[in-house]
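Text of entry-v8.cif, listed as mmCIF, C-alpha atoms and all ligand atoms; chains and numbers go by the auth columns:
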```cif
data_upload
#
loop_
_atom_site.group_PDB
_atom_site.id
_atom_site.type_symbol
_atom_site.label_atom_id
_atom_site.label_comp_id
_atom_site.label_asym_id
_atom_site.label_seq_id
_atom_site.Cartn_x
_atom_site.Cartn_y
_atom_site.Cartn_z
_atom_site.B_iso_or_equiv
_atom_site.auth_seq_id
_atom_site.auth_asym_id
ATOM 1 C CA MET A 1 -60.652 -20.999 -95.465 0.00 1 A
ATOM 2 C CA LEU A 2 -60.574 -23.680 -92.766 0.00 2 A
ATOM 3 C CA ARG A 3 -64.172 -24.578 -93.472 0.00 3 A
ATOM 4 C CA THR A 4 -63.457 -25.711 -97.020 0.00 4 A
ATOM 5 C CA MET A 5 -61.438 -28.874 -96.425 0.00 5 A
ATOM 6 C CA ARG A 6 -62.041 -32.626 -95.809 0.00 6 A
ATOM 7 C CA PRO A 7 -62.013 -35.035 -92.785 0.00 7 A
ATOM 8 C CA SER A 8 -59.231 -36.708 -90.849 0.00 8 A
ATOM 9 C CA ARG A 9 -60.016 -38.325 -87.494 0.00 9 A
ATOM 10 C CA ARG A 10 -56.515 -39.638 -86.939 0.00 10 A
ATOM 11 C CA CYS A 11 -55.522 -36.229 -85.624 0.00 11 A
ATOM 12 C CA PHE A 12 -57.645 -36.711 -82.499 0.00 12 A
ATOM 13 C CA SER A 13 -56.333 -40.124 -81.607 0.00 13 A
ATOM 14 C CA VAL A 14 -52.810 -38.806 -82.101 0.00 14 A
ATOM 15 C CA LEU A 15 -53.535 -35.795 -79.918 0.00 15 A
ATOM 16 C CA SER A 16 -54.772 -37.932 -77.059 0.00 16 A
ATOM 17 C CA SER A 17 -52.012 -40.514 -77.325 0.00 17 A
ATOM 18 C CA LEU A 18 -49.029 -38.184 -77.527 0.00 18 A
ATOM 19 C CA LYS A 19 -47.316 -37.998 -74.177 0.00 19 A
ATOM 20 C CA ASN A 20 -43.680 -37.174 -74.921 0.00 20 A
ATOM 21 C CA THR A 21 -42.214 -33.706 -75.445 0.00 21 A
ATOM 22 C CA ALA A 22 -39.614 -34.299 -78.157 0.00 22 A
ATOM 23 C CA PHE A 23 -39.025 -31.025 -79.965 0.00 23 A
ATOM 24 C CA GLU A 24 -37.997 -32.130 -83.463 0.00 24 A
ATOM 25 C CA ILE A 25 -40.771 -32.341 -86.052 0.00 25 A
ATOM 26 C CA GLU A 26 -40.190 -33.615 -89.537 0.00 26 A
ATOM 27 C CA GLN A 27 -41.695 -31.453 -92.259 0.00 27 A
ATOM 28 C CA LYS A 28 -43.910 -33.336 -94.726 0.00 28 A
ATOM 29 C CA PRO A 29 -44.410 -32.477 -98.413 0.00 29 A
ATOM 30 C CA VAL A 30 -47.583 -30.503 -99.102 0.00 30 A
ATOM 31 C CA LYS A 31 -49.908 -30.587 -102.120 0.00 31 A
ATOM 32 C CA ALA A 32 -51.883 -27.494 -103.051 0.00 32 A
ATOM 33 C CA LYS A 33 -55.300 -29.058 -103.769 0.00 33 A
ATOM 34 C CA ALA A 34 -58.078 -27.833 -101.427 0.00 34 A
ATOM 35 C CA GLU A 35 -60.581 -30.311 -99.899 0.00 35 A
ATOM 36 C CA PRO A 36 -63.328 -29.721 -97.310 0.00 36 A
ATOM 37 C CA LEU A 37 -62.656 -30.498 -93.646 0.00 37 A
ATOM 38 C CA SER A 38 -65.047 -32.470 -91.495 0.00 38 A
ATOM 39 C CA GLU A 39 -66.954 -30.894 -88.636 0.00 39 A
ATOM 40 C CA ALA A 40 -64.615 -32.678 -86.216 0.00 40 A
ATOM 41 C CA GLN A 41 -61.517 -31.308 -87.953 0.00 41 A
ATOM 42 C CA ASN A 42 -62.922 -27.805 -87.927 0.00 42 A
ATOM 43 C CA ALA A 43 -63.669 -28.195 -84.217 0.00 43 A
ATOM 44 C CA TYR A 44 -60.057 -29.248 -83.610 0.00 44 A
ATOM 45 C CA LEU A 45 -58.677 -26.278 -85.527 0.00 45 A
ATOM 46 C CA GLU A 46 -60.950 -23.860 -83.686 0.00 46 A
ATOM 47 C CA ARG A 47 -59.754 -25.313 -80.382 0.00 47 A
ATOM 48 C CA ALA A 48 -56.132 -25.023 -81.503 0.00 48 A
ATOM 49 C CA ILE A 49 -56.514 -21.360 -82.447 0.00 49 A
ATOM 50 C CA ARG A 50 -58.419 -20.626 -79.208 0.00 50 A
ATOM 51 C CA VAL A 51 -55.830 -22.207 -76.917 0.00 51 A
ATOM 52 C CA ASP A 52 -52.890 -20.727 -78.833 0.00 52 A
ATOM 53 C CA GLN A 53 -54.399 -17.236 -78.683 0.00 53 A
ATOM 54 C CA ALA A 54 -54.993 -17.639 -74.931 0.00 54 A
ATOM 55 C CA GLY A 55 -51.467 -18.994 -74.432 0.00 55 A
ATOM 56 C CA GLU A 56 -49.812 -16.139 -76.314 0.00 56 A
ATOM 57 C CA LEU A 57 -51.950 -13.639 -74.451 0.00 57 A
ATOM 58 C CA GLY A 58 -50.707 -15.251 -71.230 0.00 58 A
ATOM 59 C CA ALA A 59 -47.073 -15.086 -72.387 0.00 59 A
ATOM 60 C CA ASP A 60 -47.504 -11.411 -73.313 0.00 60 A
ATOM 61 C CA TYR A 61 -48.784 -10.647 -69.799 0.00 61 A
ATOM 62 C CA ILE A 62 -46.125 -12.771 -68.055 0.00 62 A
ATOM 63 C CA TYR A 63 -43.354 -10.810 -69.777 0.00 63 A
ATOM 64 C CA ALA A 64 -45.192 -7.556 -69.022 0.00 64 A
ATOM 65 C CA GLY A 65 -45.158 -8.498 -65.325 0.00 65 A
ATOM 66 C CA GLN A 66 -41.489 -9.447 -65.413 0.00 66 A
ATOM 67 C CA PHE A 67 -40.536 -6.281 -67.271 0.00 67 A
ATOM 68 C CA PHE A 68 -42.537 -4.127 -64.830 0.00 68 A
ATOM 69 C CA VAL A 69 -40.585 -5.492 -61.841 0.00 69 A
ATOM 70 C CA LEU A 70 -37.118 -6.158 -63.280 0.00 70 A
ATOM 71 C CA ALA A 71 -36.396 -3.605 -66.022 0.00 71 A
ATOM 72 C CA ASN A 72 -35.220 -0.809 -63.711 0.00 72 A
ATOM 73 C CA ARG A 73 -33.806 -3.062 -61.012 0.00 73 A
ATOM 74 C CA TYR A 74 -31.539 -5.011 -63.400 0.00 74 A
ATOM 75 C CA PRO A 75 -30.644 -2.783 -66.393 0.00 75 A
ATOM 76 C CA HIS A 76 -28.626 -5.572 -68.064 0.00 76 A
ATOM 77 C CA LEU A 77 -31.814 -7.678 -68.247 0.00 77 A
ATOM 78 C CA LYS A 78 -33.929 -4.909 -69.798 0.00 78 A
ATOM 79 C CA PRO A 79 -33.024 -5.561 -73.484 0.00 79 A
ATOM 80 C CA VAL A 80 -33.230 -9.330 -72.937 0.00 80 A
ATOM 81 C CA LEU A 81 -36.732 -9.093 -71.485 0.00 81 A
ATOM 82 C CA GLN A 82 -37.781 -6.500 -74.073 0.00 82 A
ATOM 83 C CA HIS A 83 -36.711 -8.787 -76.939 0.00 83 A
ATOM 84 C CA MET A 84 -38.665 -11.768 -75.595 0.00 84 A
ATOM 85 C CA TRP A 85 -41.674 -9.594 -74.767 0.00 85 A
ATOM 86 C CA ASP A 86 -41.659 -8.095 -78.308 0.00 86 A
ATOM 87 C CA GLN A 87 -41.744 -11.593 -79.770 0.00 87 A
ATOM 88 C CA GLU A 88 -44.658 -12.553 -77.494 0.00 88 A
ATOM 89 C CA VAL A 89 -46.564 -9.435 -78.551 0.00 89 A
ATOM 90 C CA HIS A 90 -46.044 -10.510 -82.167 0.00 90 A
ATOM 91 C CA HIS A 91 -47.280 -14.046 -81.359 0.00 91 A
ATOM 92 C CA HIS A 92 -50.275 -12.631 -79.501 0.00 92 A
ATOM 93 C CA ASN A 93 -51.188 -10.242 -82.351 0.00 93 A
ATOM 94 C CA THR A 94 -50.843 -13.041 -84.910 0.00 94 A
ATOM 95 C CA PHE A 95 -53.277 -15.335 -83.078 0.00 95 A
ATOM 96 C CA ASN A 96 -55.639 -12.406 -82.498 0.00 96 A
ATOM 97 C CA ARG A 97 -55.763 -12.077 -86.296 0.00 97 A
ATOM 98 C CA TRP A 98 -56.311 -15.819 -86.786 0.00 98 A
ATOM 99 C CA GLN A 99 -59.093 -15.697 -84.217 0.00 99 A
ATOM 100 C CA LEU A 100 -60.850 -12.815 -85.941 0.00 100 A
ATOM 101 C CA GLU A 101 -60.383 -14.096 -89.500 0.00 101 A
ATOM 102 C CA HIS A 102 -61.768 -17.553 -88.644 0.00 102 A
ATOM 103 C CA ARG A 103 -64.399 -16.307 -86.193 0.00 103 A
ATOM 104 C CA VAL A 104 -63.069 -18.426 -83.360 0.00 104 A
ATOM 105 C CA ARG A 105 -64.610 -17.668 -79.981 0.00 105 A
ATOM 106 C CA PRO A 106 -61.979 -16.495 -77.478 0.00 106 A
ATOM 107 C CA SER A 107 -61.543 -18.355 -74.216 0.00 107 A
ATOM 108 C CA LEU A 108 -64.283 -17.349 -71.797 0.00 108 A
ATOM 109 C CA LEU A 109 -61.623 -17.140 -69.086 0.00 109 A
ATOM 110 C CA THR A 110 -59.599 -14.444 -70.867 0.00 110 A
ATOM 111 C CA PRO A 111 -59.753 -11.981 -67.907 0.00 111 A
ATOM 112 C CA LEU A 112 -58.430 -14.738 -65.624 0.00 112 A
ATOM 113 C CA TRP A 113 -55.572 -15.555 -68.030 0.00 113 A
ATOM 114 C CA LYS A 114 -54.569 -11.878 -68.120 0.00 114 A
ATOM 115 C CA LEU A 115 -54.607 -11.436 -64.347 0.00 115 A
ATOM 116 C CA GLY A 116 -53.016 -14.807 -63.585 0.00 116 A
ATOM 117 C CA ALA A 117 -50.241 -14.340 -66.133 0.00 117 A
ATOM 118 C CA PHE A 118 -49.321 -10.829 -64.980 0.00 118 A
ATOM 119 C CA VAL A 119 -49.285 -11.967 -61.342 0.00 119 A
ATOM 120 C CA MET A 120 -47.133 -14.981 -62.255 0.00 120 A
ATOM 121 C CA GLY A 121 -44.623 -12.799 -64.127 0.00 121 A
ATOM 122 C CA ALA A 122 -44.479 -10.014 -61.547 0.00 122 A
ATOM 123 C CA GLY A 123 -44.632 -12.434 -58.600 0.00 123 A
ATOM 124 C CA THR A 124 -41.703 -14.587 -59.671 0.00 124 A
ATOM 125 C CA ALA A 125 -39.728 -11.460 -60.643 0.00 125 A
ATOM 126 C CA SER A 126 -40.349 -10.097 -57.135 0.00 126 A
ATOM 127 C CA ILE A 127 -38.643 -13.184 -55.672 0.00 127 A
ATOM 128 C CA SER A 128 -35.505 -12.740 -57.799 0.00 128 A
ATOM 129 C CA SER A 129 -34.354 -12.388 -61.404 0.00 129 A
ATOM 130 C CA GLU A 130 -33.402 -16.082 -61.310 0.00 130 A
ATOM 131 C CA ALA A 131 -36.951 -16.979 -60.208 0.00 131 A
ATOM 132 C CA ALA A 132 -38.338 -14.943 -63.123 0.00 132 A
ATOM 133 C CA MET A 133 -36.081 -16.886 -65.481 0.00 133 A
ATOM 134 C CA ALA A 134 -37.171 -20.156 -63.855 0.00 134 A
ATOM 135 C CA CYS A 135 -40.760 -19.096 -64.599 0.00 135 A
ATOM 136 C CA THR A 136 -39.787 -18.486 -68.230 0.00 136 A
ATOM 137 C CA GLU A 137 -38.007 -21.850 -68.416 0.00 137 A
ATOM 138 C CA ALA A 138 -41.070 -23.674 -67.071 0.00 138 A
ATOM 139 C CA VAL A 139 -43.590 -21.832 -69.258 0.00 139 A
ATOM 140 C CA GLU A 140 -41.561 -22.229 -72.443 0.00 140 A
ATOM 141 C CA THR A 141 -40.964 -25.928 -71.757 0.00 141 A
ATOM 142 C CA VAL A 142 -44.722 -26.527 -71.581 0.00 142 A
ATOM 143 C CA ILE A 143 -45.551 -24.266 -74.530 0.00 143 A
ATOM 144 C CA GLY A 144 -42.772 -25.762 -76.674 0.00 144 A
ATOM 145 C CA GLY A 145 -44.204 -29.219 -75.980 0.00 145 A
ATOM 146 C CA HIS A 146 -47.738 -28.009 -76.627 0.00 146 A
ATOM 147 C CA TYR A 147 -46.761 -26.568 -80.031 0.00 147 A
ATOM 148 C CA ASN A 148 -44.913 -29.771 -80.905 0.00 148 A
ATOM 149 C CA GLN A 149 -48.030 -31.769 -80.122 0.00 149 A
ATOM 150 C CA GLN A 150 -50.073 -29.550 -82.441 0.00 150 A
ATOM 151 C CA LEU A 151 -47.434 -29.882 -85.179 0.00 151 A
ATOM 152 C CA ARG A 152 -47.538 -33.686 -84.913 0.00 152 A
ATOM 153 C CA CYS A 153 -51.306 -33.556 -85.149 0.00 153 A
ATOM 154 C CA LEU A 154 -51.287 -31.319 -88.218 0.00 154 A
ATOM 155 C CA SER A 155 -48.442 -33.326 -89.713 0.00 155 A
ATOM 156 C CA ASN A 156 -50.514 -36.489 -89.308 0.00 156 A
ATOM 157 C CA GLN A 157 -53.377 -34.883 -91.159 0.00 157 A
ATOM 158 C CA TYR A 158 -50.975 -34.305 -94.035 0.00 158 A
ATOM 159 C CA GLU A 159 -49.759 -37.887 -93.865 0.00 159 A
ATOM 160 C CA LEU A 160 -53.277 -39.306 -93.997 0.00 160 A
ATOM 161 C CA GLN A 161 -54.296 -36.970 -96.779 0.00 161 A
ATOM 162 C CA TRP A 162 -51.082 -37.780 -98.665 0.00 162 A
ATOM 163 C CA THR A 163 -51.363 -41.575 -98.410 0.00 163 A
ATOM 164 C CA ASP A 164 -55.099 -41.617 -99.166 0.00 164 A
ATOM 165 C CA GLY A 165 -54.162 -40.221 -102.540 0.00 165 A
ATOM 166 C CA ASN A 166 -57.132 -37.905 -103.039 0.00 166 A
ATOM 167 C CA ARG A 167 -56.937 -35.617 -100.019 0.00 167 A
ATOM 168 C CA SER A 168 -54.619 -32.660 -99.472 0.00 168 A
ATOM 169 C CA PRO A 169 -54.185 -29.791 -96.998 0.00 169 A
ATOM 170 C CA THR A 170 -55.098 -26.257 -97.955 0.00 170 A
ATOM 171 C CA GLN A 171 -52.890 -23.219 -97.828 0.00 171 A
ATOM 172 C CA GLU A 172 -54.572 -22.209 -94.562 0.00 172 A
ATOM 173 C CA ILE A 173 -53.408 -25.375 -92.825 0.00 173 A
ATOM 174 C CA THR A 174 -49.951 -24.942 -94.304 0.00 174 A
ATOM 175 C CA LEU A 175 -49.812 -21.362 -93.059 0.00 175 A
ATOM 176 C CA LEU A 176 -50.999 -22.360 -89.572 0.00 176 A
ATOM 177 C CA THR A 177 -48.357 -25.082 -89.431 0.00 177 A
ATOM 178 C CA GLU A 178 -45.603 -22.686 -90.486 0.00 178 A
ATOM 179 C CA THR A 179 -46.784 -20.116 -87.925 0.00 179 A
ATOM 180 C CA ILE A 180 -46.767 -22.660 -85.111 0.00 180 A
ATOM 181 C CA ARG A 181 -43.357 -23.974 -86.158 0.00 181 A
ATOM 182 C CA GLN A 182 -41.867 -20.464 -86.136 0.00 182 A
ATOM 183 C CA PHE A 183 -43.423 -19.639 -82.761 0.00 183 A
ATOM 184 C CA ARG A 184 -42.253 -22.971 -81.311 0.00 184 A
ATOM 185 C CA ASP A 185 -38.697 -22.049 -82.330 0.00 185 A
ATOM 186 C CA ASP A 186 -39.067 -18.624 -80.667 0.00 186 A
ATOM 187 C CA GLU A 187 -40.330 -20.250 -77.438 0.00 187 A
ATOM 188 C CA LEU A 188 -37.365 -22.612 -77.378 0.00 188 A
ATOM 189 C CA GLU A 189 -35.052 -19.641 -77.890 0.00 189 A
ATOM 190 C CA HIS A 190 -36.693 -18.043 -74.816 0.00 190 A
ATOM 191 C CA LEU A 191 -36.116 -21.280 -72.919 0.00 191 A
ATOM 192 C CA ASP A 192 -32.398 -21.168 -73.796 0.00 192 A
ATOM 193 C CA THR A 193 -32.232 -17.497 -72.800 0.00 193 A
ATOM 194 C CA ALA A 194 -33.803 -18.257 -69.407 0.00 194 A
ATOM 195 C CA ILE A 195 -31.198 -20.938 -68.724 0.00 195 A
ATOM 196 C CA GLU A 196 -28.414 -18.625 -69.914 0.00 196 A
ATOM 197 C CA TYR A 197 -29.615 -16.009 -67.403 0.00 197 A
ATOM 198 C CA ASP A 198 -29.473 -18.391 -64.447 0.00 198 A
ATOM 199 C CA SER A 199 -32.949 -19.883 -64.199 0.00 199 A
ATOM 200 C CA ARG A 200 -31.380 -22.957 -62.593 0.00 200 A
ATOM 201 C CA LYS A 201 -29.921 -20.898 -59.758 0.00 201 A
ATOM 202 C CA ALA A 202 -33.439 -19.926 -58.636 0.00 202 A
ATOM 203 C CA VAL A 203 -34.442 -20.877 -55.104 0.00 203 A
ATOM 204 C CA PRO A 204 -36.535 -23.004 -54.808 0.00 204 A
ATOM 205 C CA TYR A 205 -35.921 -24.114 -58.410 0.00 205 A
ATOM 206 C CA MET A 206 -37.807 -27.430 -58.447 0.00 206 A
ATOM 207 C CA LEU A 207 -40.825 -26.080 -56.585 0.00 207 A
ATOM 208 C CA LEU A 208 -41.090 -23.054 -58.884 0.00 208 A
ATOM 209 C CA THR A 209 -40.608 -24.844 -62.188 0.00 209 A
ATOM 210 C CA GLU A 210 -42.713 -27.921 -61.426 0.00 210 A
ATOM 211 C CA GLY A 211 -45.491 -25.773 -59.909 0.00 211 A
ATOM 212 C CA ILE A 212 -45.551 -23.422 -62.904 0.00 212 A
ATOM 213 C CA LYS A 213 -45.465 -26.312 -65.391 0.00 213 A
ATOM 214 C CA THR A 214 -48.514 -27.820 -63.681 0.00 214 A
ATOM 215 C CA ILE A 215 -50.348 -24.499 -63.757 0.00 215 A
ATOM 216 C CA CYS A 216 -49.530 -24.094 -67.462 0.00 216 A
ATOM 217 C CA ARG A 217 -50.721 -27.614 -68.332 0.00 217 A
ATOM 218 C CA VAL A 218 -54.008 -27.039 -66.498 0.00 218 A
ATOM 219 C CA ALA A 219 -54.386 -23.672 -68.245 0.00 219 A
ATOM 220 C CA VAL A 220 -53.796 -25.227 -71.688 0.00 220 A
ATOM 221 C CA TRP A 221 -56.324 -27.997 -71.014 0.00 221 A
ATOM 222 C CA THR A 222 -58.876 -25.463 -69.770 0.00 222 A
ATOM 223 C CA ALA A 223 -58.374 -22.886 -72.532 0.00 223 A
ATOM 224 C CA GLU A 224 -58.939 -25.566 -75.184 0.00 224 A
ATOM 225 C CA ARG A 225 -62.383 -26.218 -73.732 0.00 225 A
ATOM 226 C CA ILE A 226 -63.652 -23.060 -72.012 0.00 226 A
HETATM 227 FE FE FE B . -45.133 -17.031 -77.635 0.00 301 B
HETATM 228 FE FE FE B . -42.092 -17.384 -75.351 0.00 302 B
#
```

Show the structure stored in the file as structure tokens.
Amino acid sequence: MLRTMRPSRRCFSVLSSLKNTAFEIEQKPVKAKAEPLSEAQNAYLERAIRVDQAGELGADYIYAGQFFVLANRYPHLKPVLQHMWDQEVHHHNTFNRWQLEHRVRPSLLTPLWKLGAFVMGAGTASISSEAAMACTEAVETVIGGHYNQQLRCLSNQYELQWTDGNRSPTQEITLLTETIRQFRDDELEHLDTAIEYDSRKAVPYMLLTEGIKTICRVAVWTAERI
């Protein structure tokens, strides 16, 4: 369990100092010995699970909104949207399980995330299919960067525990890291799909993508805390 391991404060300084969005994360070796986490580490992990559950819930509802508007209007997009939506449902269900198993309080703004995400998906899809794909490109860019930041943070915990000599991550941390890495790869696949289906032909492209990225960053910051 998350509550049975030992402290690492470096994670928090890394989290606050990371500004770039590079997508490649190097995997570190993992030892199997379990150590207790500090209160601060547990608080970080709870926040990570809370924001990731809220984010995947949002993605689920964005694709629901897009599918609702576009599936019948553009039959060639239906399987593409269905595939991405199915993956988001899987991500959402996975973090629902993490949240329940580790008794992490959900974001208090969950109803707002649901409504806002559906409106964002359906609203951009109502402009055009390219605008819907621009929405996907913007969302997945922010979420891909967000997952990379979490992976760096968790990776740094490993590094500290490894070099200290007598600390090591538990299987729970390893599993969370693997889950986030897999989901990050899925999000980047969605990003590529959005570009392939003409996200960059959306009008007005810059306004849509930069506006949606800002909304997503504010939502991530808020869901971590509220
Ligand atoms: Fe996702
Ligand atoms: Fe996604």

Test item: residues at most 12 Å from A:Leu77, only C-alpha atoms, excluding those fewer than 3 positions along its chain, as a list of chain:residue names: A:Gln66, A:Phe67, A:Phe68, A:Val69, A:Leu70, A:Ala71, A:Asn72, A:Arg73, A:Tyr74, A:Val80, A:Leu81, A:Gln82, A:His83, A:Met84, A:Trp85, A:Ala125, A:Ser129, A:Glu130, A:Ala132, A:Met133, A:Thr193, A:Ala194, A:Glu196, A:Tyr197, A:Asp198

Which centre and edge lengths in Å to one decimal define the box along x, y and z that fits every listed atom of stretch 124-133 of chain A plus 6 Å per side, as lines of an AutoDock Vina configuration file?
```
center_x = -37.6
center_y = -13.5
center_z = -60.6
size_x = 20.3
size_y = 18.9
size_z = 21.8
```

Option closest in space to A:Ala64, from A:Met120, A:Ala219, A:Val51, A:Leu112 [counting all atoms listed in the file]: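 With all atoms listed in the file as the atom set, the closest residue is A:Met120.
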
Surroundings of ligand FE 302 (chain B) up to 12 Å, based on all atoms listed in the file, as number ranges by chain: A: 52, 55-63, 81-92, 133, 135-144, 147, 182-194

For atom CA of A:Ala117 and atom CA of A:Glu101, the interatomic separation in Å (one decimal):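 A separation of 25.5 Å between them.
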
The PyMOL selection byres (((chain A and resi 177) around 10) and not hetatm) applied to the shown file, residues as JSON, numbers by chain: {"A": [27, 147, 150, 151, 152, 153, 154, 155, 171, 172, 173, 174, 175, 176, 178, 179, 180, 181, 182, 183]}

For atom CA of A:Arg217 and atom CA of A:Pro79, the interatomic separation in Å (one decimal):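 Interatomic distance, atom CA of A:Arg217 to atom CA of A:Pro79: 28.7 Å.
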
Between atom CA of A:Glu46 and atom CA of A:Val104, distance in Å (one decimal): 5.8 Å

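With all atoms listed in the file as the basis for measurement, A:Thr94 is the residue among A:Gln99, A:Gln41, A:Thr94, A:Thr209 that approaches ligand FE 301 (chain B) most closely.
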
Closest of A:Ala134, A:Val203, A:Leu100, A:Ala54 to ligand FE 301 (chain B) - atom-to-atom distances counting only C-alpha atoms and all ligand atoms: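 That would be A:Ala54, the residue with the smallest distance to ligand FE 301 (chain B).
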
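Distances from A:Trp113, A:Tyr44, A:Phe95, A:Tyr205 to ligand FE 301 (chain B) were compared using all atoms listed in the file, and the smallest one belongs to A:Phe95.
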
Nearest to A:Ile215 by atom-to-atom distance, counting all atoms listed in the file, from A:Ile127, A:Gln149, A:Lys201, A:Gly116: A:Gly116

Chain and number of each residue from the PyMOL selection byres (((chain A and resi 225) around 10) and not hetatm), as a list in words: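 Applied to this file, the PyMOL selection byres (((chain A and resi 225) around 10) and not hetatm) returns Arg47, Arg50, Val51, Ser107, Leu108, Val220, Trp221, Thr222, Ala223, Glu224 and Ile226 of chain A.
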
Include C-alpha atoms and write out the residues we just selected as an mmCIF file, keeping the file's coordinate frame.
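Result saved to part_30.cif:
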```cif
data_model
loop_
_atom_site.group_PDB
_atom_site.id
_atom_site.type_symbol
_atom_site.label_atom_id
_atom_site.label_comp_id
_atom_site.auth_asym_id
_atom_site.auth_seq_id
_atom_site.Cartn_x
_atom_site.Cartn_y
_atom_site.Cartn_z
ATOM 1 C CA ARG A 47 -59.754 -25.313 -80.382
ATOM 2 C CA ARG A 50 -58.419 -20.626 -79.208
ATOM 3 C CA VAL A 51 -55.830 -22.207 -76.917
ATOM 4 C CA SER A 107 -61.543 -18.355 -74.216
ATOM 5 C CA LEU A 108 -64.283 -17.349 -71.797
ATOM 6 C CA VAL A 220 -53.796 -25.227 -71.688
ATOM 7 C CA TRP A 221 -56.324 -27.997 -71.014
ATOM 8 C CA THR A 222 -58.876 -25.463 -69.770
ATOM 9 C CA ALA A 223 -58.374 -22.886 -72.532
ATOM 10 C CA GLU A 224 -58.939 -25.566 -75.184
ATOM 11 C CA ILE A 226 -63.652 -23.060 -72.012
#
```
